[in-house]
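Structure data follow from entry.cif (mmCIF, C-alpha atoms):
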data_query
#
loop_
_atom_site.label_atom_id
_atom_site.label_comp_id
_atom_site.auth_asym_id
_atom_site.auth_seq_id
_atom_site.Cartn_x
_atom_site.Cartn_y
_atom_site.Cartn_z
CA MET L 10 0.00 0.00 0.00
CA LYS L 11 1.40 3.39 -0.99
CA TYR L 12 1.69 5.91 1.87
CA THR L 13 0.57 9.46 1.13
CA PRO L 14 1.44 12.00 3.86
CA ARG L 15 -1.43 14.26 4.86
CA GLN L 16 -0.91 17.96 5.42
CA PRO L 17 -1.99 19.21 8.88
CA ASP L 18 -5.09 21.36 9.05
CA THR L 19 -3.16 24.10 10.83
CA ASN L 20 0.47 25.24 10.88
CA VAL L 21 1.67 26.69 14.16
CA ASN L 22 4.83 27.99 12.52
CA VAL L 23 3.01 30.41 10.25
CA THR L 24 1.07 33.35 11.62
CA PRO L 25 -2.51 33.57 10.37
CA THR L 26 -2.22 37.36 10.17
CA SER L 27 -0.28 39.52 7.72
CA PRO L 28 3.32 40.42 8.72
CA LEU L 29 2.52 43.99 7.70
CA LYS L 30 -0.39 44.03 10.12
CA ASP L 31 1.86 42.71 12.90
CA PHE L 32 4.35 45.49 12.15
CA PHE L 33 1.73 48.23 12.44
CA VAL L 34 0.29 46.72 15.64
CA LEU L 35 3.73 46.55 17.25
CA SER L 36 4.68 50.02 16.01
CA GLY L 37 1.41 51.48 17.27
CA GLY L 38 1.87 49.83 20.66
CA LEU L 39 5.41 51.18 20.93
CA LEU L 40 4.21 54.65 20.02
CA VAL L 41 1.46 54.56 22.65
CA ILE L 42 3.93 53.38 25.32
CA THR L 43 6.43 56.08 24.32
CA VAL L 44 3.83 58.84 24.50
CA ALA L 45 2.57 57.57 27.86
CA VAL L 46 6.08 57.48 29.34
CA TYR L 47 6.78 60.94 27.91
CA PHE L 48 3.74 62.50 29.54
CA LEU L 49 4.31 60.70 32.85
CA LEU L 50 7.88 61.98 32.98
CA GLY L 51 6.66 65.40 31.85
CA PHE L 52 4.20 65.40 34.74
CA ALA L 53 7.07 64.54 37.08
CA VAL L 54 9.02 67.49 35.64
CA ASP L 55 6.09 69.80 36.43
CA LEU L 56 6.11 68.57 40.04
CA ILE L 57 9.86 69.05 40.45
CA ILE L 58 10.19 72.51 38.82
CA PRO L 59 8.62 74.55 41.70
CA HIS L 60 11.21 73.09 44.07
CA ILE L 61 14.23 74.18 42.01
CA SER L 62 15.66 77.28 43.66
CA PRO L 63 17.11 80.20 41.68
CA GLU L 64 20.50 79.31 43.19
CA THR L 65 20.29 75.78 41.80
CA GLU L 66 19.08 77.15 38.48
CA LYS L 67 22.09 79.49 38.37
CA LYS L 68 24.38 76.48 38.70
CA MET L 69 22.46 74.75 35.90
CA SER L 70 23.05 77.76 33.65
CA VAL L 71 26.74 76.83 33.40
CA ILE L 72 25.68 74.06 31.00
CA PHE L 73 24.43 76.72 28.60
CA GLY L 74 27.56 78.84 28.79
CA ASN L 75 28.07 78.87 25.02
CA LEU L 76 24.52 80.06 24.33
CA ALA L 77 24.69 82.74 26.99
CA GLU L 78 28.19 83.92 26.12
CA LYS L 79 28.38 87.68 26.40
CA GLU L 80 28.02 89.40 23.07
CA THR L 81 30.59 92.14 22.40
CA ALA L 82 29.68 93.07 18.82
CA PHE L 83 26.87 95.43 19.88
CA PRO L 84 28.13 97.21 23.02
CA GLU L 85 25.82 100.25 22.79
CA LYS L 86 22.69 98.22 22.07
CA HIS L 87 23.65 95.80 24.81
CA ARG L 88 24.09 98.59 27.35
CA LYS L 89 20.70 100.18 26.58
CA LEU L 90 18.89 96.87 26.41
CA GLN L 91 20.36 95.80 29.74
CA ALA L 92 19.38 99.14 31.28
CA LEU L 93 15.78 98.68 30.10
CA LEU L 94 15.69 95.15 31.46
CA ASP L 95 17.11 96.33 34.81
CA THR L 96 14.43 99.04 35.03
CA ILE L 97 11.64 96.52 34.49
CA GLN L 98 13.15 94.10 36.99
CA GLN L 99 13.84 96.64 39.74
CA ASN L 100 10.62 98.67 39.47
CA CYS L 101 8.07 96.07 38.44
CA ALA L 102 9.04 92.40 38.27
CA LYS L 103 11.31 92.06 41.34
CA LEU L 104 12.02 88.38 40.74
CA PRO L 105 14.94 86.54 42.43
CA TYR L 106 17.10 86.69 39.29
CA ASP L 107 20.07 88.71 38.18
CA PHE L 108 18.91 89.08 34.59
CA LYS L 109 21.55 89.35 31.87
CA ILE L 110 20.99 90.34 28.24
CA HIS L 111 22.89 88.60 25.42
CA ILE L 112 22.57 89.85 21.85
CA LYS L 113 23.15 87.24 19.16
CA LYS L 114 23.52 88.04 15.49
CA ALA L 115 20.89 86.05 13.54
CA ASP L 116 17.97 86.80 11.22
CA THR L 117 15.57 84.87 13.46
CA ILE L 118 12.88 87.06 15.01
CA ASN L 119 13.31 85.53 18.41
CA ALA L 120 14.19 85.89 22.09
CA LEU L 121 14.96 83.10 24.55
CA ALA L 122 14.64 82.77 28.32
CA MET L 123 17.51 80.55 29.44
CA PRO L 124 18.18 79.11 32.93
CA GLY L 125 19.80 81.43 35.44
CA GLY L 126 18.24 84.65 34.12
CA HIS L 127 20.07 84.78 30.78
CA ILE L 128 17.86 86.35 28.10
CA ILE L 129 19.08 85.97 24.53
CA VAL L 130 17.78 88.51 21.99
CA PHE L 131 18.50 87.97 18.30
CA THR L 132 19.32 90.89 16.01
CA GLY L 133 16.50 89.80 13.67
CA LEU L 134 14.02 90.77 16.38
CA LEU L 135 15.76 94.06 17.18
CA ASP L 136 15.60 95.01 13.50
CA LYS L 137 11.79 94.64 13.54
CA VAL L 138 11.11 96.62 16.71
CA THR L 139 10.28 100.32 16.16
CA SER L 140 9.76 101.65 19.70
CA GLU L 141 11.18 101.16 23.17
CA ASN L 142 7.66 100.26 24.37
CA GLU L 143 7.49 97.27 22.01
CA LEU L 144 10.86 96.10 23.25
CA ALA L 145 9.80 96.54 26.89
CA TYR L 146 6.74 94.40 26.24
CA ILE L 147 8.87 91.64 24.70
CA LEU L 148 11.28 91.71 27.63
CA GLY L 149 8.33 91.67 30.03
CA HIS L 150 7.00 88.64 28.18
CA GLU L 151 10.32 86.82 28.64
CA ILE L 152 10.42 87.76 32.32
CA GLY L 153 6.93 86.26 32.55
CA HIS L 154 8.39 82.90 31.57
CA TYR L 155 10.71 83.13 34.58
CA ALA L 156 7.83 84.12 36.87
CA ASN L 157 5.91 81.02 35.74
CA ARG L 158 9.07 78.83 35.52
CA ASP L 159 8.13 78.04 31.90
CA HIS L 160 11.74 78.01 30.73
CA LEU L 161 12.55 75.13 33.08
CA ARG L 162 9.43 73.18 32.16
CA GLY L 163 10.23 73.47 28.48
CA LEU L 164 13.83 72.44 29.08
CA GLY L 165 12.80 69.49 31.26
CA ARG L 166 10.32 68.16 28.71
CA ALA L 167 12.87 68.55 25.92
CA LEU L 168 15.43 66.54 27.90
CA VAL L 169 12.80 63.87 28.61
CA PHE L 170 12.00 63.53 24.93
CA MET L 171 15.65 63.41 23.86
CA THR L 172 16.40 60.70 26.45
CA ILE L 173 13.47 58.53 25.34
CA SER L 174 14.20 59.04 21.66
CA VAL L 175 17.87 58.10 21.95
CA ALA L 176 17.15 55.12 24.22
CA LEU L 177 14.53 53.64 21.88
CA PHE L 178 15.61 54.67 18.41
CA GLY L 179 19.23 55.79 18.56
CA THR L 180 20.68 59.16 17.67
CA ASP L 181 19.67 59.04 13.99
CA SER L 182 16.28 57.46 13.40
CA SER L 183 13.34 58.29 11.15
CA ILE L 184 11.04 56.59 13.66
CA GLY L 185 12.40 58.82 16.41
CA ASN L 186 11.75 61.86 14.25
CA MET L 187 8.19 60.69 13.60
CA VAL L 188 7.52 60.18 17.30
CA GLY L 189 9.08 63.55 18.09
CA HIS L 190 6.84 65.29 15.57
CA GLY L 191 3.78 63.68 17.14
CA LEU L 192 4.85 64.74 20.63
CA ASN L 193 5.53 68.29 19.48
CA ILE L 194 1.99 68.55 18.11
CA SER L 195 0.52 67.20 21.35
CA GLU L 196 2.49 69.80 23.34
CA MET L 197 1.31 72.80 21.30
CA SER L 198 -1.69 73.57 23.51
CA PHE L 199 0.53 73.46 26.59
CA SER L 200 2.94 75.95 25.02
CA ARG L 201 0.14 78.26 23.96
CA ARG L 202 -1.18 78.43 27.51
CA GLN L 203 2.29 79.33 28.71
CA GLU L 204 2.61 82.04 26.08
CA ALA L 205 -0.80 83.52 26.90
CA LYS L 206 0.22 83.84 30.56
CA ALA L 207 3.55 85.38 29.57
CA ASP L 208 1.69 87.87 27.36
CA GLU L 209 -0.44 88.90 30.35
CA PHE L 210 2.66 89.33 32.49
CA GLY L 211 4.37 91.35 29.76
CA LEU L 212 1.34 93.64 29.57
CA GLU L 213 1.49 94.26 33.32
CA MET L 214 5.22 95.02 33.07
CA LEU L 215 4.63 97.47 30.22
CA ASN L 216 1.93 99.31 32.15
CA CYS L 217 4.07 99.40 35.29
CA THR L 218 7.10 100.76 33.42
CA TYR L 219 5.42 103.54 31.40
CA GLY L 220 2.05 104.04 33.08
CA HIS L 221 0.30 102.89 29.90
CA VAL L 222 0.37 99.99 27.43
CA GLY L 223 0.96 101.80 24.14
CA GLY L 224 2.85 99.54 21.72
CA ALA L 225 1.69 96.26 23.28
CA THR L 226 0.29 94.88 20.03
CA ASP L 227 2.21 96.98 17.46
CA PHE L 228 4.99 94.42 17.01
CA PHE L 229 2.57 91.55 16.39
CA SER L 230 0.34 93.57 14.06
CA ARG L 231 3.30 94.58 11.94
CA ILE L 232 4.97 91.15 11.86
CA SER L 233 1.72 89.39 10.93
CA LYS L 234 1.94 91.13 7.56
CA GLU L 235 5.36 89.60 6.81
CA LYS L 236 5.50 87.00 4.05
CA ASP L 237 8.04 84.60 5.57
CA PRO L 238 6.85 83.27 8.95
CA SER L 239 9.47 80.50 8.91
CA ILE L 240 12.08 82.74 10.56
CA PHE L 241 9.81 84.00 13.32
CA GLY L 242 10.91 81.29 15.74
CA HIS L 243 9.81 81.62 19.36
CA TYR L 244 7.20 84.33 18.90
CA PHE L 245 5.14 82.46 16.31
CA SER L 246 6.05 78.73 16.34
CA SER L 247 4.02 77.66 19.36
CA HIS L 248 2.32 80.92 20.25
CA PRO L 249 -1.38 81.60 19.81
CA GLU L 250 -2.50 82.44 16.28
CA ASN L 251 -1.47 86.04 15.73
CA GLN L 252 -4.86 87.71 15.34
CA GLU L 253 -6.24 85.77 18.31
CA ARG L 254 -3.25 86.86 20.32
CA ILE L 255 -3.80 90.53 19.49
CA LYS L 256 -7.51 90.14 20.29
CA HIS L 257 -6.67 88.60 23.67
CA ILE L 258 -4.23 91.39 24.56
CA ASN L 259 -6.71 94.10 23.57
CA LEU L 260 -9.40 92.43 25.71
CA LEU L 261 -7.03 92.46 28.68
CA ILE L 262 -6.31 96.16 28.08
CA LYS L 263 -10.04 96.91 28.04
CA ASN L 264 -10.90 94.81 31.11
CA ARG L 265 -8.04 96.28 33.16
CA ASN L 266 -8.69 99.85 32.01
CA PHE L 267 -5.13 100.32 30.79
CA LYS L 268 -4.38 103.47 28.82
CA LYS L 269 -2.59 103.79 25.48
CA GLU L 270 -0.40 106.85 25.08
CA LYS L 271 2.51 108.12 23.02
CA LEU L 272 5.34 105.68 22.39
CA LYS L 273 8.97 106.23 23.28
CA ALA L 274 11.38 106.16 20.33
CA MET L 275 13.58 103.16 19.84
CA PHE L 276 17.16 103.71 21.03
#
Structure translated into C-alpha cells:
Amino acid sequence: MKYTPRQPDTNVNVTPTSPLKDFFVLSGGLLVITVAVYFLLGFAVDLIIPHISPETEKKMSVIFGNLAEKETAFPEKHRKLQALLDTIQQNCAKLPYDFKIHIKKADTINALAMPGGHIIVFTGLLDKVTSENELAYILGHEIGHYANRDHLRGLGRALVFMTISVALFGTDSSIGNMVGHGLNISEMSFSRRQEAKADEFGLEMLNCTYGHVGGATDFFSRISKEKDPSIFGHYFSSHPENQERIKHINLLIKNRNFKKEKLKAMF
C-alpha cells in the first residue's frame, strides 16, 4: 500500500495574520507606550520645577555657557537693552534673578529665556522693533516665563524627549523623528497656555514701566503682515495664532482699564 502524507489542518509555525499588520500593531503599541512614558515623565518634571531654587538654576546655567556667552559686537545696544531690562526688573518684576541680556547676530525674530536669568535677543528681532515700548513688552514677556518657571518646564520636557528618543531609536532614526513630531503637536496647547500667561505678564510690566500699554500689540500687528513666517521662531512657532493673540491682549487692556499713550522712540 502506498503511503501518502497528509498535510496538517493548521500550521503553528506560520502566523494567520499579515506580517505587515503585525508590524503596524507593534509600532502602534510602541508609540502609545512612548507617548505615555513621555507624559508621565513630563508630569514629574512639572512637580519638580517649583522646588528648584534660583540658586540651583544658576548652577544649571553653566551648561548653557556657550549660548549665553556675552556678546561684544553690539556694546551700545547691549548697554541700553540691559538698562531697560534692569528698570523693568527693579521697578516692576522684582524676581529673584540677576537678569543678563545677550545679543546674538541672527535673522531669526526671536528671544529666549535661558536658565539662570540669561535672556538671549536675536538681532532679527531688534531690526523689527520700532519703539522702546514694544521692546519693553517683549522683555516683560520673557520675564513672565521666569515668573511662571516656563523656561525650566520646556527644558525638562525637551530633555525627557531626547532621552526617550535616543534610548529607543538611537541618535539618527526616522522613527524617532516621527515620534518627536507627534509629541511636538501634542504639546502645542501646553505651550500656547504658557505664552498667553507670559503675554499677560508682559502687559502688566509694560503698564508698570510707562504708566500705559501703548505699543503692546504693534509688534505683532506689523509682523503678521510679513510674508516669511518661517524665521519667526519663538514668537510664532508655538504661540497663539497672531490675530487671536492681538484680540486677547486688547481684551485684557479693556478689562483692566489700561491706557494707550505716546510711544517712546527706539534707542
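Considering the residues L:Ile118, L:Ala156, L:Asn216, L:Ala274 and counting all atoms listed in the file, L:Phe229 has its shortest atom-to-atom contact with L:Ile118.
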Excluding L:Val130 and residues on its chain fewer than 2 positions from it, collect all residues at most 10 Å away from it, counting only C-alpha atoms, and give them as a PyMOL selection string. chain L and resi 87+90+110-115+117-122+127-128+132-135+147-148
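Between L:Phe276 and the candidates L:Leu104, L:Ala45, L:Ala82, L:Leu144, the tightest atom-to-atom separation, counting all atoms listed in the file, involves L:Leu144.
Minimum atom-to-atom distances from L:Asp107, L:Glu143, L:Asp136, L:Glu64 to L:Thr218 were compared using only C-alpha atoms, and the lowest value belongs to L:Glu143.
Between atom CA of L:Glu213 and atom CA of L:Lys89 the interatomic distance comes to 21.2 Å.
The closest residue to L:Glu151, picked from L:Thr226, L:Thr65, L:Thr139, L:Gln98 and counting all atoms listed in the file, is L:Gln98.
Taking atom CA of L:Ala207 as the reference point, atom CA of L:Arg88 is found at 24.5 Å.
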Residues matched by the PyMOL selection byres ((chain L and resi 223) around 8) as an MDAnalysis selection string: chainID L and resid 142 221:222 224:225 268:272
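Restricting the calculation to all atoms listed in the file, the smallest distance between L:Ile232 and any of L:Asn251, L:Asp208, L:Cys101, L:Leu93 is found for L:Asn251.
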From the options L:Lys137, L:Glu85, L:Gly211, L:Ile129, which residue's atoms come nearest to L:His154, counting all atoms listed in the file? L:Gly211
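All residues of protein, DNA or RNA that reach within 7 Å of L:Gly126, judged by only C-alpha atoms and not counting those fewer than 3 positions away in the chain, are Tyr106, Asp107, Phe108, Lys109 and Met123 of chain L.
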Got time to write the residues from that selection, C-alpha atoms, as an mmCIF file, in the coordinates of the input?
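To be explicit, this is the file written out as out_19.cif:
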data_model
loop_
_atom_site.group_PDB
_atom_site.id
_atom_site.type_symbol
_atom_site.label_atom_id
_atom_site.label_comp_id
_atom_site.auth_asym_id
_atom_site.auth_seq_id
_atom_site.Cartn_x
_atom_site.Cartn_y
_atom_site.Cartn_z
ATOM 1 C CA TYR L 106 17.100 86.690 39.290
ATOM 2 C CA ASP L 107 20.070 88.710 38.180
ATOM 3 C CA PHE L 108 18.910 89.080 34.590
ATOM 4 C CA LYS L 109 21.550 89.350 31.870
ATOM 5 C CA MET L 123 17.510 80.550 29.440
#
Between atom CA of L:Phe228 and atom CA of L:Val138, measure the distance and give it in Å to one decimal. 6.5 Å
Which centre and which edge lengths, in Å to one decimal, describe the axis-aligned box that holds all listed atoms of stretch 146-152 of chain L after 3 Å is added on each side, as lines of an AutoDock Vina configuration file?
center_x = 9.0
center_y = 90.6
center_z = 28.5
size_x = 10.5
size_y = 13.6
size_z = 13.6
Export stretch 222-234 of chain L of the preceding structure, keeping all heavy atoms, as a PDB file, in the first residue's frame.
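For reference, out.pdb as written:
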ATOM      1  N   VAL L 222      -0.006 101.203  28.181  1.00  0.00           N
ATOM      2  CA  VAL L 222       0.374  99.995  27.427  1.00  0.00           C
ATOM      3  C   VAL L 222       0.470 100.258  25.928  1.00  0.00           C
ATOM      4  O   VAL L 222       0.280  99.348  25.120  1.00  0.00           O
ATOM      5  CB  VAL L 222      -0.612  98.836  27.707  1.00  0.00           C
ATOM      6  CG1 VAL L 222      -0.515  98.389  29.150  1.00  0.00           C
ATOM      7  CG2 VAL L 222      -2.039  99.248  27.356  1.00  0.00           C
ATOM      8  N   GLY L 223       0.754 101.497  25.549  1.00  0.00           N
ATOM      9  CA  GLY L 223       0.957 101.804  24.142  1.00  0.00           C
ATOM     10  C   GLY L 223       2.067 100.947  23.553  1.00  0.00           C
ATOM     11  O   GLY L 223       3.122 100.795  24.170  1.00  0.00           O
ATOM     12  N   GLY L 224       1.847 100.360  22.379  1.00  0.00           N
ATOM     13  CA  GLY L 224       2.852  99.545  21.720  1.00  0.00           C
ATOM     14  C   GLY L 224       2.756  98.061  22.018  1.00  0.00           C
ATOM     15  O   GLY L 224       3.523  97.260  21.467  1.00  0.00           O
ATOM     16  N   ALA L 225       1.789  97.669  22.870  1.00  0.00           N
ATOM     17  CA  ALA L 225       1.693  96.262  23.276  1.00  0.00           C
ATOM     18  C   ALA L 225       1.451  95.326  22.101  1.00  0.00           C
ATOM     19  O   ALA L 225       2.006  94.231  22.040  1.00  0.00           O
ATOM     20  CB  ALA L 225       0.588  96.096  24.320  1.00  0.00           C
ATOM     21  N   THR L 226       0.629  95.762  21.153  1.00  0.00           N
ATOM     22  CA  THR L 226       0.285  94.884  20.027  1.00  0.00           C
ATOM     23  C   THR L 226       0.919  95.327  18.708  1.00  0.00           C
ATOM     24  O   THR L 226       0.742  94.660  17.690  1.00  0.00           O
ATOM     25  CB  THR L 226      -1.244  94.824  19.838  1.00  0.00           C
ATOM     26  OG1 THR L 226      -1.736  96.142  19.575  1.00  0.00           O
ATOM     27  CG2 THR L 226      -1.932  94.254  21.074  1.00  0.00           C
ATOM     28  N   ASP L 227       1.659  96.442  18.711  1.00  0.00           N
ATOM     29  CA  ASP L 227       2.209  96.977  17.462  1.00  0.00           C
ATOM     30  C   ASP L 227       3.142  95.992  16.774  1.00  0.00           C
ATOM     31  O   ASP L 227       3.102  95.801  15.560  1.00  0.00           O
ATOM     32  CB  ASP L 227       2.961  98.285  17.735  1.00  0.00           C
ATOM     33  CG  ASP L 227       2.026  99.405  18.160  1.00  0.00           C
ATOM     34  OD1 ASP L 227       0.816  99.152  18.273  1.00  0.00           O
ATOM     35  OD2 ASP L 227       2.512 100.522  18.389  1.00  0.00           O
ATOM     36  N   PHE L 228       4.012  95.362  17.556  1.00  0.00           N
ATOM     37  CA  PHE L 228       4.989  94.423  17.010  1.00  0.00           C
ATOM     38  C   PHE L 228       4.288  93.269  16.302  1.00  0.00           C
ATOM     39  O   PHE L 228       4.625  92.906  15.173  1.00  0.00           O
ATOM     40  CB  PHE L 228       5.874  93.909  18.144  1.00  0.00           C
ATOM     41  CG  PHE L 228       6.841  92.836  17.733  1.00  0.00           C
ATOM     42  CD1 PHE L 228       7.973  93.142  17.009  1.00  0.00           C
ATOM     43  CD2 PHE L 228       6.615  91.515  18.082  1.00  0.00           C
ATOM     44  CE1 PHE L 228       8.873  92.150  16.630  1.00  0.00           C
ATOM     45  CE2 PHE L 228       7.507  90.518  17.731  1.00  0.00           C
ATOM     46  CZ  PHE L 228       8.636  90.842  16.995  1.00  0.00           C
ATOM     47  N   PHE L 229       3.270  92.704  16.946  1.00  0.00           N
ATOM     48  CA  PHE L 229       2.571  91.553  16.387  1.00  0.00           C
ATOM     49  C   PHE L 229       1.741  91.926  15.168  1.00  0.00           C
ATOM     50  O   PHE L 229       1.647  91.163  14.204  1.00  0.00           O
ATOM     51  CB  PHE L 229       1.695  90.905  17.457  1.00  0.00           C
ATOM     52  CG  PHE L 229       2.447  90.574  18.711  1.00  0.00           C
ATOM     53  CD1 PHE L 229       2.214  91.266  19.886  1.00  0.00           C
ATOM     54  CD2 PHE L 229       3.426  89.597  18.708  1.00  0.00           C
ATOM     55  CE1 PHE L 229       2.923  90.984  21.025  1.00  0.00           C
ATOM     56  CE2 PHE L 229       4.145  89.305  19.852  1.00  0.00           C
ATOM     57  CZ  PHE L 229       3.895  89.994  21.021  1.00  0.00           C
ATOM     58  N   SER L 230       1.132  93.116  15.216  1.00  0.00           N
ATOM     59  CA  SER L 230       0.339  93.569  14.059  1.00  0.00           C
ATOM     60  C   SER L 230       1.219  93.775  12.843  1.00  0.00           C
ATOM     61  O   SER L 230       0.844  93.429  11.720  1.00  0.00           O
ATOM     62  CB  SER L 230      -0.379  94.888  14.413  1.00  0.00           C
ATOM     63  OG  SER L 230      -1.280  94.702  15.477  1.00  0.00           O
ATOM     64  N   ARG L 231       2.388  94.313  13.054  1.00  0.00           N
ATOM     65  CA  ARG L 231       3.302  94.577  11.944  1.00  0.00           C
ATOM     66  C   ARG L 231       3.904  93.287  11.402  1.00  0.00           C
ATOM     67  O   ARG L 231       3.951  93.075  10.179  1.00  0.00           O
ATOM     68  CB  ARG L 231       4.413  95.523  12.402  1.00  0.00           C
ATOM     69  CG  ARG L 231       5.344  95.974  11.291  1.00  0.00           C
ATOM     70  CD  ARG L 231       6.234  97.105  11.735  1.00  0.00           C
ATOM     71  NE  ARG L 231       7.029  96.751  12.904  1.00  0.00           N
ATOM     72  CZ  ARG L 231       6.778  97.148  14.150  1.00  0.00           C
ATOM     73  NH1 ARG L 231       5.735  97.928  14.389  1.00  0.00           N
ATOM     74  NH2 ARG L 231       7.545  96.784  15.154  1.00  0.00           N
ATOM     75  N   ILE L 232       4.332  92.400  12.285  1.00  0.00           N
ATOM     76  CA  ILE L 232       4.965  91.153  11.860  1.00  0.00           C
ATOM     77  C   ILE L 232       3.981  90.226  11.158  1.00  0.00           C
ATOM     78  O   ILE L 232       4.357  89.456  10.271  1.00  0.00           O
ATOM     79  CB  ILE L 232       5.606  90.443  13.070  1.00  0.00           C
ATOM     80  CG1 ILE L 232       6.753  91.282  13.622  1.00  0.00           C
ATOM     81  CG2 ILE L 232       6.114  89.062  12.687  1.00  0.00           C
ATOM     82  CD1 ILE L 232       7.852  91.557  12.615  1.00  0.00           C
ATOM     83  N   SER L 233       2.717  90.279  11.544  1.00  0.00           N
ATOM     84  CA  SER L 233       1.719  89.392  10.934  1.00  0.00           C
ATOM     85  C   SER L 233       1.565  89.646   9.445  1.00  0.00           C
ATOM     86  O   SER L 233       1.044  88.803   8.713  1.00  0.00           O
ATOM     87  CB  SER L 233       0.361  89.563  11.628  1.00  0.00           C
ATOM     88  OG  SER L 233      -0.144  90.874  11.396  1.00  0.00           O
ATOM     89  N   LYS L 234       2.028  90.807   8.979  1.00  0.00           N
ATOM     90  CA  LYS L 234       1.941  91.131   7.558  1.00  0.00           C
ATOM     91  C   LYS L 234       3.153  90.649   6.771  1.00  0.00           C
ATOM     92  O   LYS L 234       3.205  90.745   5.549  1.00  0.00           O
ATOM     93  CB  LYS L 234       1.794  92.648   7.386  1.00  0.00           C
ATOM     94  CG  LYS L 234       0.532  93.204   8.054  1.00  0.00           C
ATOM     95  CD  LYS L 234       0.483  94.723   7.948  1.00  0.00           C
ATOM     96  CE  LYS L 234      -0.732  95.282   8.682  1.00  0.00           C
ATOM     97  NZ  LYS L 234      -0.763  96.761   8.622  1.00  0.00           N
TER      98      LYS L 234
END
